[in-house]
Structures are given as C-alpha cells and as structure tokens.
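Contents: one structure, followed by commentary.
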Protein chains: 2
Amino acid sequence: MRLVVAECTVTYEGRLTARLERARRLLMVKADGCVAIHADGGAYKPLNWMNAPNTLVETDEGWRVSNQKGEVLLIEIHDVDSDTNVELGVDPGLQKDGVESHLQELLAEQPGALETGLQLIRREYPTDIGPVDLLCRDADGTTVAVEIKRRGEIDGVEQLTRYLEFLNAQPDLAPVRGVLAAQLIKPQAKVLAGTREIGCVELDYDRLRGLERPQQKLF
Amino acid sequence: MRLVVAECTVTYEGRLTARLERARRLLMVKADGCVAIHADGGAYKPLNWMNAPNTLVETDEGWRVSNQKGEVLLIEIHDVDSDTNVELGVDPGLQKDGVESHLQELLAEQPGALETGLQLIRREYPTDIGPVDLLCRDADGTTVAVEIKRRGEIDGVEQLTRYLEFLNAQPDLAPVRGVLAAQLIKPQAKVLAGTREIGCVELDYDRLRGLERPQQKLF
DNA sequence: GTGTATATCTCGGGG
DNA sequence: CCCCGAGGTATACAC
C-alpha cells in the first residue's frame with residue numbers, strides 16, 4: 001500500500017462531474033490498484049476514488065487514473081509532504097455473523113419457528129422476477145412464500161407482493177399467501193403488509209440459534 | 001489524521017458480530033474521531049470501522065472503540081510498525097454536478113420538456129408516504145405525478161405506484177396518472193410501468209441544460 | 001454480462 | 001430523533 005500526503009487539486013469525470021479544490025490530503029493506493037483520496041473527516045469514505053481495475057499514469061503534474069468505462073480521476077499534485085510504501089501482505093478477511101443469509105439458513109432448518117406445522121418446500125425458490133427466500137406449505141396444505149429480512153421495511157413488503165402476484169398466477173401453486181419475517185418489523189411495513197394480507201413474524205435471532213443446536217441447551 | 005501500521009486482531013460487536021484474524025493492517029484515525037482498519041485491497045472500503053462519535057481507549061493490549069449505541073470495536077495490537085500523525089487541515093469539500101437533484105431542478109423549470117403543455121403544481125409535493133418529485137397538470141387539466149431518477153429501474157416504478165395509490169385516494173386530486181422520467185430506463189422497468197399505465201420519458205441531460213440557458217445556444 | 005437483493009450500507013434532508 | 005430517499009452506491013450471487 002502506498003500512502004502519499006500532498007497538496008492536491010482533483011477532478012473526477014464519469015458517472016458525475018466532481019471537483020476538489022486545492023488542499024492537503026492523503027492519497028491511498030492499495031495493492032489491488034484502487035485509489036482513494038482522504039480528508040481528515042467525513043467518516044471512512046474517501047472524498048473521491050477510483051476502484052480497480054484502472055490505469056494510473058504518473059507525470060510531473062500529478063496522477064491520471066482512468067478505467068475502461070471512460071471514467072477519469074485527475075489528481076494535480078502541487079506539493080508532496082510524504083510518500084511511503086507499506087507492506088501488508090494478503091489479509092485473511094472479515095468473518096461475519098448475524099446477517100440475513102444466516103437467518104435464512106436457520107429458518108430453512110426450522111420453518112416451524114415461523115408458524116406451527118410449516119414445512120419447507122424449497123429455499124431460494126426461483127421465479128422469473130427473482131428468488132423467493134423460502135417456499136413452504138402450511139398445516140392446511142396451503143403454499144406460503146416467506147421473505148426474510150434483518151429489518152422489515154416497506155421495500156420488503158413490495159418485494160414479497162411482487163412474488164405473490166407471480167406465484168398466484170401459477171395454477172399449480174395458487175393460492176399462495178405471504179409471510180414477512182425479520183428481527184424487527186417497522187410499523188409502516190406492518191401497516192402495508194396488513195392491507196395486503198401478508199403476515200408478519202418478528203424473530204429472536206439468539207433463540208433461533210439455540211433451537212438450531214438443541215443439544216447445547218441440555219448442558 | 002493518525003496512521004498506524006500494526007499487526008492486529010479485531011472484533012466488532014454491534015449491528016453484527018465480525019472478526020479479523022491476526023494480520024498486518026493500516027489503522028486510520030481521522031480528526032473527527034472515526035476509526036478505520038484497512039487491508040491492502042477490497043476497494044476503498046475498510047475491513048472494519050467505527051464512525052464518530054465514539055470513545056477510543058488505548059491500553060497496552062490495543063484499542064477499545066465504543067459508541068453510545070453499544071457497538072464495540074476491539075483492536076488487539078500485537079506489534080506496531082509505524083505510528084504517525086499527519087496534519088491535513090479542514091477540507092473545502094467535494095463539489096458535485098449531474099445528480100438527480102439537478103435533473104429535478106431542470107425539469108421543475110421546464111416541465112414542458114417531459115410532455116407538451118405540462119405545468120408544474122409543486123416540486124417535492126408532500127404526502128404521508130414521502131414527497132412526490134413533481135406534481136403537475138397536463139394540457140387536459142389532469143394531475144400528473146412525476147418520479148425522477150438518474151436510472152429508471154423497477155424500484156422507481158414501485159415508488160411511483162405507491163404515490164399514485166395514495167394520490168388517487170384523495171378526491172380533490174384524482175384521477176392522477178404517473179410519469180417516470182430518467183436519463184435511461186431499463187427494459188424491465190418499462191414493462192412494469194406499462195402494466196400499470198405509467199408513462200416513461202427518457203431525458204437528455206445535456207439538452208435539458210441547454211434548454212435552461214437558451215442564450216448559450218445562440219453563440 | 002445482466003438482473004436482483006443486500007449492506008455495520010453512508011449520507012443528507014425534512015418533519 | 002426517526003423516516004425517507006439517493007448513491008460515482010459497492011458487493012455478492014444466480015441465471
């Protein structure tokens with residue numbers, strides 16, 4: 001990783017046009033080739049950047065970074081304060097837990113946690129307009145489409161509504177009802193779901209994890 | 001801005017649980033207090049971070065960064081390679097052009113560019129479910145709700161559909177029809193718009209800018 | 001590659 | 001403060 005502290009003026013032309021007036025900033029070039037221009041604030045996001053893959057051309061005046069899509073980042077460098085290289089090596093990477101995919105795994109194993117008697121037909125059930133998180137059959141034999149979110153909001157209800165329209169157009173599945181499952185469902189989403197006769201289930205993530213490994217509960 | 005290169009092991013507990021195994025990384029602390037942990041790849045995004053405002057406590061073992069929401073970033077520091085401070089000062093900031101707000105300004109001034117005879121009633125017309133970009137009246141006196149996007153996709157059609165449902169429930173406005181305006185409208189969005197009788201208009205941004213300042217065209 | 005959905009999204013505006 | 005919508009969103013994943 002190369003770190004340069006310099007007085008610079010920057011222009012970006014691409015998906016929009018943007019300009020940074022002259023100031024002292026940190027330029028970061030990572031091993032993958034991406035370039036980021038950081039100021040001393042504004043959270044972790046750089047003021048301006050160019051992702052890899054790109055081409056960096058260095059001249060006396062500064063850097064010209066461009067890519068195949070026609071985007072150009074011009075960094076005019078007036079004065080260099082420092083220019084250092086840091087060897088970091090390959091990173092083992094971030095391990096995450098608690099995201100939607102894990103919720104989906106847990107519920108695929110335990111559909112009964114959503115509703116007594118619910119049984120899984122298929123996870124990621126494919127349709128022409130995208131995959132349905134879980135397709136299930138309830139105790140009465142009715143098909144149920146389940147949409148899983150970390151937070152249940154209006155767009156989740158919209159998404160499930162599109163799936164239900166599509167699934168109900170298939171005579172072998174119809175009638176299909178919908179259930180929105182999330183750790184937290186916002187009031188607006190509950191209201192919208194109610195007007196469309198979509199069920200709402202709020203989940204306890206830690207409890208689901210416990211259900212997944214019941215033997216752990218015995219000790 | 002403080003830049004530390006160090007061998008570290010990191011855990012984050014908050015909106016999710018995440019862990020970074022031991023490796024050499026760049027730790028960045030900006031003047032606003034935000035902390036970012038960068039590897040030598042993965043675009044400009046850090047592997048892990050904590051935004052301001054937060055509290056950083058430094059001990060012999062490493063850093064403990066926490067905030068009021070109960071999120072905690074623990075950085076165990078095994079070995080410090082370098083630890084430097086860089087003075088950058090306040091940044092004049094990024095100036096942008098070409099985004100949706102500018103399209104909205106241009107169309108608010110030139111509703112006729114969308115459709116002959118169209119007149120603006122109000123920009124950012126407020127409803128209980130969010131503001132309608134442009135509310136207009138057409139040559140026949142019918143109310144028209146306009147949703148403006150840089151790129152017209154399915155979610156833009158959904159958003160406009162919600163507004164139309166809401167507006168058509170108001171007797172003083174109904175009937176209201178919808179128009180989706182964007183620089184580029186994707187085929188799927190056009191199809192969905194068609195099934196809901198929503199109009200689609202593709203815009204030429206440069207031409208709109210020209211219309212805004214017609215005197216520039218004379219020279 | 002396109003299409004679809006997610007994200008510790010981030011960021012800003014308005015009530 | 002939350003809610004809502006935009007983003008050069010970026011990123012992953014399926015088709």
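Labels for the structure tokens follow display order: chains A, B, ..., residues from 1 in each chain, ligands from 1.
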
Mind fitting chain A onto chain B over all Cα atoms in sequence order and sending the result as a tab-separated table (two decimals) with C-alpha atoms, in the first residue's frame?
chain	number	residue	atom	x	y	z
A	1	MET	CA	-5.11	12.23	10.85
A	2	ARG	CA	-3.27	9.43	12.62
A	3	LEU	CA	-1.91	6.54	10.59
A	4	VAL	CA	-0.71	3.38	12.33
A	5	VAL	CA	0.71	0.34	10.58
A	6	ALA	CA	0.54	-2.65	12.92
A	7	GLU	CA	0.02	-6.37	13.37
A	8	CYS	CA	-3.45	-6.61	14.84
A	9	THR	CA	-6.40	-8.85	15.64
A	10	VAL	CA	-9.84	-7.24	15.54
A	11	THR	CA	-13.32	-8.07	16.77
A	12	TYR	CA	-16.49	-6.07	16.21
A	13	GLU	CA	-19.67	-6.60	18.20
A	14	GLY	CA	-22.68	-4.52	17.30
A	15	ARG	CA	-25.08	-4.74	14.42
A	16	LEU	CA	-23.30	-8.02	13.68
A	17	THR	CA	-20.39	-9.98	15.07
A	18	ALA	CA	-17.22	-9.96	12.98
A	19	ARG	CA	-13.60	-10.94	13.44
A	20	LEU	CA	-10.29	-10.21	11.70
A	21	GLU	CA	-7.50	-12.68	12.36
A	22	ARG	CA	-3.99	-11.49	13.06
A	23	ALA	CA	-2.32	-9.63	10.18
A	24	ARG	CA	-0.49	-6.41	9.36
A	25	ARG	CA	-2.93	-3.60	8.56
A	26	LEU	CA	-3.31	0.18	8.36
A	27	LEU	CA	-5.29	1.83	11.15
A	28	MET	CA	-6.64	5.28	10.25
A	29	VAL	CA	-8.03	7.70	12.82
A	30	LYS	CA	-9.49	10.87	11.32
A	31	ALA	CA	-9.92	14.22	13.03
A	32	ASP	CA	-13.67	13.59	13.40
A	33	GLY	CA	-12.81	10.53	15.52
A	34	CYS	CA	-13.77	7.79	13.08
A	35	VAL	CA	-11.54	4.70	13.01
A	36	ALA	CA	-10.96	2.54	9.94
A	37	ILE	CA	-8.93	-0.65	9.49
A	38	HIS	CA	-7.59	-1.06	5.97
A	39	ALA	CA	-6.05	-4.04	4.23
A	40	ASP	CA	-4.12	-3.76	0.98
A	41	GLY	CA	-7.12	-4.45	-1.24
A	42	GLY	CA	-10.88	-4.62	-1.34
A	43	ALA	CA	-11.43	-1.22	-2.94
A	44	TYR	CA	-11.74	1.87	-0.78
A	45	LYS	CA	-13.87	0.26	1.90
A	46	PRO	CA	-12.08	-0.64	5.13
A	47	LEU	CA	-12.34	-4.18	6.49
A	48	ASN	CA	-13.81	-2.85	9.69
A	49	TRP	CA	-14.53	0.57	11.17
A	50	MET	CA	-16.30	2.66	13.77
A	51	ASN	CA	-17.85	5.95	12.81
A	52	ALA	CA	-17.84	9.07	14.94
A	53	PRO	CA	-18.99	9.84	17.56
A	54	ASN	CA	-17.16	7.21	19.57
A	55	THR	CA	-14.79	6.75	22.48
A	56	LEU	CA	-11.28	5.43	21.87
A	57	VAL	CA	-9.43	3.99	24.86
A	58	GLU	CA	-5.79	3.06	24.29
A	59	THR	CA	-4.09	0.43	26.48
A	60	ASP	CA	-0.94	-1.67	26.31
A	61	GLU	CA	-2.88	-4.39	24.51
A	62	GLY	CA	-4.56	-2.23	21.92
A	63	TRP	CA	-7.57	0.02	21.29
A	64	ARG	CA	-11.11	-0.28	22.49
A	65	VAL	CA	-13.48	1.85	20.41
A	66	SER	CA	-17.11	2.02	21.52
A	67	ASN	CA	-20.16	4.17	20.92
A	68	GLN	CA	-23.46	5.00	22.62
A	69	LYS	CA	-25.37	2.36	20.64
A	70	GLY	CA	-23.38	-0.38	22.37
A	71	GLU	CA	-21.17	-1.23	19.42
A	72	VAL	CA	-17.60	-2.18	20.31
A	73	LEU	CA	-14.55	-2.45	18.07
A	74	LEU	CA	-11.63	-4.17	19.80
A	75	ILE	CA	-8.25	-3.81	18.13
A	76	GLU	CA	-5.61	-5.98	19.73
A	77	ILE	CA	-2.24	-4.57	18.68
A	78	HIS	CA	0.66	-7.05	18.70
A	79	ASP	CA	3.37	-5.07	16.97
A	80	VAL	CA	3.57	-1.46	15.76
A	81	ASP	CA	5.40	-0.78	12.53
A	82	SER	CA	4.82	2.96	12.39
A	83	ASP	CA	2.62	5.55	14.06
A	84	THR	CA	2.43	8.97	12.40
A	85	ASN	CA	0.30	12.09	12.55
A	86	VAL	CA	-0.57	14.04	9.44
A	87	GLU	CA	-1.96	17.58	9.50
A	88	LEU	CA	-4.50	18.06	6.73
A	89	GLY	CA	-6.71	20.92	7.91
A	90	VAL	CA	-10.32	21.39	6.93
A	91	ASP	CA	-11.24	20.25	3.43
A	92	PRO	CA	-13.25	22.50	1.10
A	93	GLY	CA	-15.27	19.39	0.21
A	94	LEU	CA	-16.58	17.70	-2.90
A	95	GLN	CA	-18.64	19.61	-5.43
A	96	LYS	CA	-20.96	17.35	-7.41
A	97	ASP	CA	-22.91	17.73	-10.58
A	98	GLY	CA	-25.22	15.46	-12.49
A	99	VAL	CA	-27.21	13.91	-9.68
A	100	GLU	CA	-30.94	13.49	-9.31
A	101	SER	CA	-31.55	16.76	-7.47
A	102	HIS	CA	-30.15	18.67	-10.40
A	103	LEU	CA	-32.32	16.75	-12.84
A	104	GLN	CA	-35.27	17.67	-10.63
A	105	GLU	CA	-34.33	21.37	-10.70
A	106	LEU	CA	-34.03	21.34	-14.47
A	107	LEU	CA	-37.37	19.62	-14.98
A	108	ALA	CA	-39.10	21.87	-12.45
A	109	GLU	CA	-38.00	24.77	-14.65
A	110	GLN	CA	-38.81	22.97	-17.89
A	111	PRO	CA	-41.76	20.58	-17.32
A	112	GLY	CA	-42.52	20.96	-21.01
A	113	ALA	CA	-39.39	18.93	-21.73
A	114	LEU	CA	-41.26	15.91	-20.34
A	115	GLU	CA	-44.43	16.40	-22.36
A	116	THR	CA	-45.82	19.26	-24.41
A	117	GLY	CA	-48.05	21.54	-22.37
A	118	LEU	CA	-47.12	20.13	-18.98
A	119	GLN	CA	-47.15	22.73	-16.19
A	120	LEU	CA	-45.71	22.51	-12.69
A	121	ILE	CA	-48.08	22.58	-9.71
A	122	ARG	CA	-45.46	21.89	-7.09
A	123	ARG	CA	-42.03	20.37	-6.62
A	124	GLU	CA	-41.56	17.93	-3.69
A	125	TYR	CA	-45.34	17.76	-3.25
A	126	PRO	CA	-45.80	16.36	0.27
A	127	THR	CA	-47.89	13.27	1.03
A	128	ASP	CA	-48.15	11.07	4.12
A	129	ILE	CA	-45.99	8.46	2.45
A	130	GLY	CA	-43.25	10.76	1.20
A	131	PRO	CA	-42.73	13.62	-1.25
A	132	VAL	CA	-43.74	13.40	-4.92
A	133	ASP	CA	-40.87	14.77	-7.03
A	134	LEU	CA	-43.06	16.88	-9.33
A	135	LEU	CA	-46.81	17.32	-9.35
A	136	CYS	CA	-48.00	18.76	-12.66
A	137	ARG	CA	-51.08	19.45	-14.77
A	138	ASP	CA	-51.16	18.38	-18.40
A	139	ALA	CA	-52.65	20.13	-21.43
A	140	ASP	CA	-56.04	18.52	-20.70
A	141	GLY	CA	-56.01	19.64	-17.08
A	142	THR	CA	-55.30	16.15	-15.71
A	143	THR	CA	-52.98	15.87	-12.71
A	144	VAL	CA	-49.66	14.13	-13.39
A	145	ALA	CA	-47.24	12.80	-10.76
A	146	VAL	CA	-43.62	12.68	-11.98
A	147	GLU	CA	-40.96	10.52	-10.36
A	148	ILE	CA	-37.40	11.43	-11.36
A	149	LYS	CA	-34.45	9.01	-11.22
A	150	ARG	CA	-30.98	8.97	-12.63
A	151	ARG	CA	-31.66	5.35	-13.63
A	152	GLY	CA	-35.22	4.12	-13.89
A	153	GLU	CA	-35.55	0.72	-12.21
A	154	ILE	CA	-38.29	-1.38	-10.68
A	155	ASP	CA	-38.19	0.34	-7.30
A	156	GLY	CA	-38.88	3.68	-8.98
A	157	VAL	CA	-42.06	2.22	-10.50
A	158	GLU	CA	-43.05	0.83	-7.09
A	159	GLN	CA	-42.46	4.18	-5.46
A	160	LEU	CA	-44.54	6.02	-8.05
A	161	THR	CA	-47.28	3.39	-7.79
A	162	ARG	CA	-47.55	4.03	-4.03
A	163	TYR	CA	-47.83	7.77	-4.65
A	164	LEU	CA	-50.49	7.27	-7.33
A	165	GLU	CA	-52.56	5.05	-5.02
A	166	PHE	CA	-52.36	7.75	-2.38
A	167	LEU	CA	-53.07	10.70	-4.69
A	168	ASN	CA	-55.97	8.96	-6.40
A	169	ALA	CA	-57.59	8.50	-3.00
A	170	GLN	CA	-57.90	12.30	-2.81
A	171	PRO	CA	-61.08	13.40	-4.67
A	172	ASP	CA	-59.76	16.93	-5.39
A	173	LEU	CA	-56.77	15.55	-7.31
A	174	ALA	CA	-58.06	12.30	-8.87
A	175	PRO	CA	-57.63	11.08	-11.49
A	176	VAL	CA	-53.83	11.28	-11.35
A	177	ARG	CA	-51.56	9.54	-13.84
A	178	GLY	CA	-47.86	8.82	-13.44
A	179	VAL	CA	-44.71	9.49	-15.41
A	180	LEU	CA	-41.30	8.00	-14.67
A	181	ALA	CA	-38.48	10.21	-15.95
A	182	ALA	CA	-34.84	9.09	-16.02
A	183	GLN	CA	-31.68	9.36	-18.07
A	184	LEU	CA	-31.97	5.62	-18.69
A	185	ILE	CA	-34.95	3.35	-18.01
A	186	LYS	CA	-34.29	-0.37	-17.73
A	187	PRO	CA	-36.43	-2.75	-19.79
A	188	GLN	CA	-37.92	-4.43	-16.70
A	189	ALA	CA	-38.97	-1.06	-15.34
A	190	LYS	CA	-40.60	-0.17	-18.67
A	191	VAL	CA	-42.54	-3.45	-18.65
A	192	LEU	CA	-43.74	-2.97	-15.07
A	193	ALA	CA	-44.62	0.66	-15.77
A	194	GLY	CA	-46.59	-0.46	-18.83
A	195	THR	CA	-48.72	-2.90	-16.81
A	196	ARG	CA	-49.61	-0.05	-14.46
A	197	GLU	CA	-50.25	2.53	-17.18
A	198	ILE	CA	-47.32	4.64	-16.05
A	199	GLY	CA	-45.55	6.66	-18.74
A	200	CYS	CA	-41.79	6.52	-19.28
A	201	VAL	CA	-39.63	9.41	-20.51
A	202	GLU	CA	-35.90	9.11	-21.09
A	203	LEU	CA	-34.02	12.38	-20.63
A	204	ASP	CA	-30.96	13.86	-22.26
A	205	TYR	CA	-29.21	15.58	-19.35
A	206	ASP	CA	-26.86	17.69	-21.49
A	207	ARG	CA	-29.75	18.84	-23.68
A	208	LEU	CA	-31.79	19.81	-20.61
A	209	ARG	CA	-28.90	21.90	-19.36
A	210	GLY	CA	-28.82	23.58	-22.74
A	211	LEU	CA	-32.56	24.33	-22.56
A	212	GLU	CA	-32.08	25.83	-19.12
A	213	ARG	CA	-29.82	28.55	-20.50
A	214	PRO	CA	-31.14	29.16	-24.01
A	215	GLN	CA	-29.09	32.34	-24.39
A	216	GLN	CA	-25.95	30.21	-24.41
A	217	LYS	CA	-27.21	28.53	-27.54
A	218	LEU	CA	-27.22	31.79	-29.48
A	219	PHE	CA	-23.46	32.28	-29.49

*Could you give me the residues within segment 8-216 of chain B that DSSP places in strand (DSSP E or B), as a PyMOL selection string?*
chain B and resi 8-13+17-29+35-38+48-50+55-58+62-66+72-85+94-97+119-127+130-137+143-152+176-185+199-202

*asked:* Residues of chain B classed as alpha helix (DSSP H) by DSSP on the backbone are to be reported as number ranges by chain.
replied: B: 100-109, 154-168, 187-195, 205-212

*Could you list, as a ChimeraX atom specification, every residue of chain D that has an atom within 10 Å of an atom of chain B, counting only C-alpha atoms (C1' of nucleotides)?*
/D:3-8,10

Using only N, CA and C atoms (P, O5', C5', C4', C3', O3' and C1' of nucleotides), please write the residues we just selected to a file, as an mmCIF file, in the first residue's frame.
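selection_29.cif, freshly written:
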data_model
loop_
_atom_site.group_PDB
_atom_site.id
_atom_site.type_symbol
_atom_site.label_atom_id
_atom_site.label_comp_id
_atom_site.auth_asym_id
_atom_site.auth_seq_id
_atom_site.Cartn_x
_atom_site.Cartn_y
_atom_site.Cartn_z
ATOM 1 P P DC D 3 -38.600 5.134 12.519
ATOM 2 O "O5'" DC D 3 -38.977 5.845 11.150
ATOM 3 C "C5'" DC D 3 -39.907 6.934 11.145
ATOM 4 C "C4'" DC D 3 -39.877 7.615 9.804
ATOM 5 C "C3'" DC D 3 -39.706 6.645 8.634
ATOM 6 O "O3'" DC D 3 -40.709 6.889 7.665
ATOM 7 C "C1'" DC D 3 -38.150 8.425 8.481
ATOM 8 P P DC D 4 -40.952 5.826 6.483
ATOM 9 O "O5'" DC D 4 -40.265 6.525 5.236
ATOM 10 C "C5'" DC D 4 -40.574 7.896 4.949
ATOM 11 C "C4'" DC D 4 -39.544 8.445 3.999
ATOM 12 C "C3'" DC D 4 -39.198 7.493 2.845
ATOM 13 O "O3'" DC D 4 -39.617 8.069 1.632
ATOM 14 C "C1'" DC D 4 -37.253 8.521 3.787
ATOM 15 P P DG D 5 -39.589 7.182 0.280
ATOM 16 O "O5'" DG D 5 -38.287 7.709 -0.468
ATOM 17 C "C5'" DG D 5 -38.136 9.099 -0.709
ATOM 18 C "C4'" DG D 5 -36.721 9.407 -1.141
ATOM 19 C "C3'" DG D 5 -36.180 8.518 -2.262
ATOM 20 O "O3'" DG D 5 -35.533 9.334 -3.220
ATOM 21 C "C1'" DG D 5 -34.690 8.512 -0.457
ATOM 22 P P DA D 6 -35.039 8.668 -4.578
ATOM 23 O "O5'" DA D 6 -33.483 9.027 -4.553
ATOM 24 C "C5'" DA D 6 -33.090 10.390 -4.378
ATOM 25 C "C4'" DA D 6 -31.591 10.489 -4.239
ATOM 26 C "C3'" DA D 6 -30.802 9.772 -5.339
ATOM 27 O "O3'" DA D 6 -29.664 10.555 -5.674
ATOM 28 C "C1'" DA D 6 -30.209 8.882 -3.243
ATOM 29 P P DG D 7 -28.750 10.130 -6.855
ATOM 30 O "O5'" DG D 7 -27.526 9.404 -6.123
ATOM 31 C "C5'" DG D 7 -26.728 10.121 -5.194
ATOM 32 C "C4'" DG D 7 -25.594 9.232 -4.695
ATOM 33 C "C3'" DG D 7 -24.876 8.441 -5.795
ATOM 34 O "O3'" DG D 7 -23.483 8.365 -5.511
ATOM 35 C "C1'" DG D 7 -25.686 6.963 -4.172
ATOM 36 P P DG D 8 -22.562 9.693 -5.649
ATOM 37 O "O5'" DG D 8 -21.942 9.482 -7.088
ATOM 38 C "C5'" DG D 8 -22.761 9.311 -8.210
ATOM 39 C "C4'" DG D 8 -22.197 8.250 -9.107
ATOM 40 C "C3'" DG D 8 -22.194 6.852 -8.499
ATOM 41 O "O3'" DG D 8 -22.474 5.876 -9.488
ATOM 42 C "C1'" DG D 8 -19.969 7.513 -8.953
ATOM 43 P P DA D 10 -19.764 2.195 -6.876
ATOM 44 O "O5'" DA D 10 -19.284 1.040 -5.880
ATOM 45 C "C5'" DA D 10 -18.627 1.394 -4.681
ATOM 46 C "C4'" DA D 10 -18.658 0.214 -3.731
ATOM 47 C "C3'" DA D 10 -18.093 -1.069 -4.326
ATOM 48 O "O3'" DA D 10 -17.362 -1.765 -3.322
ATOM 49 C "C1'" DA D 10 -20.346 -1.411 -3.734
#

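Residues of chain C lying within 10 Å of chain B, counting only C-alpha atoms (C1' of nucleotides), are DG3, DT8 and DG14 of chain C.
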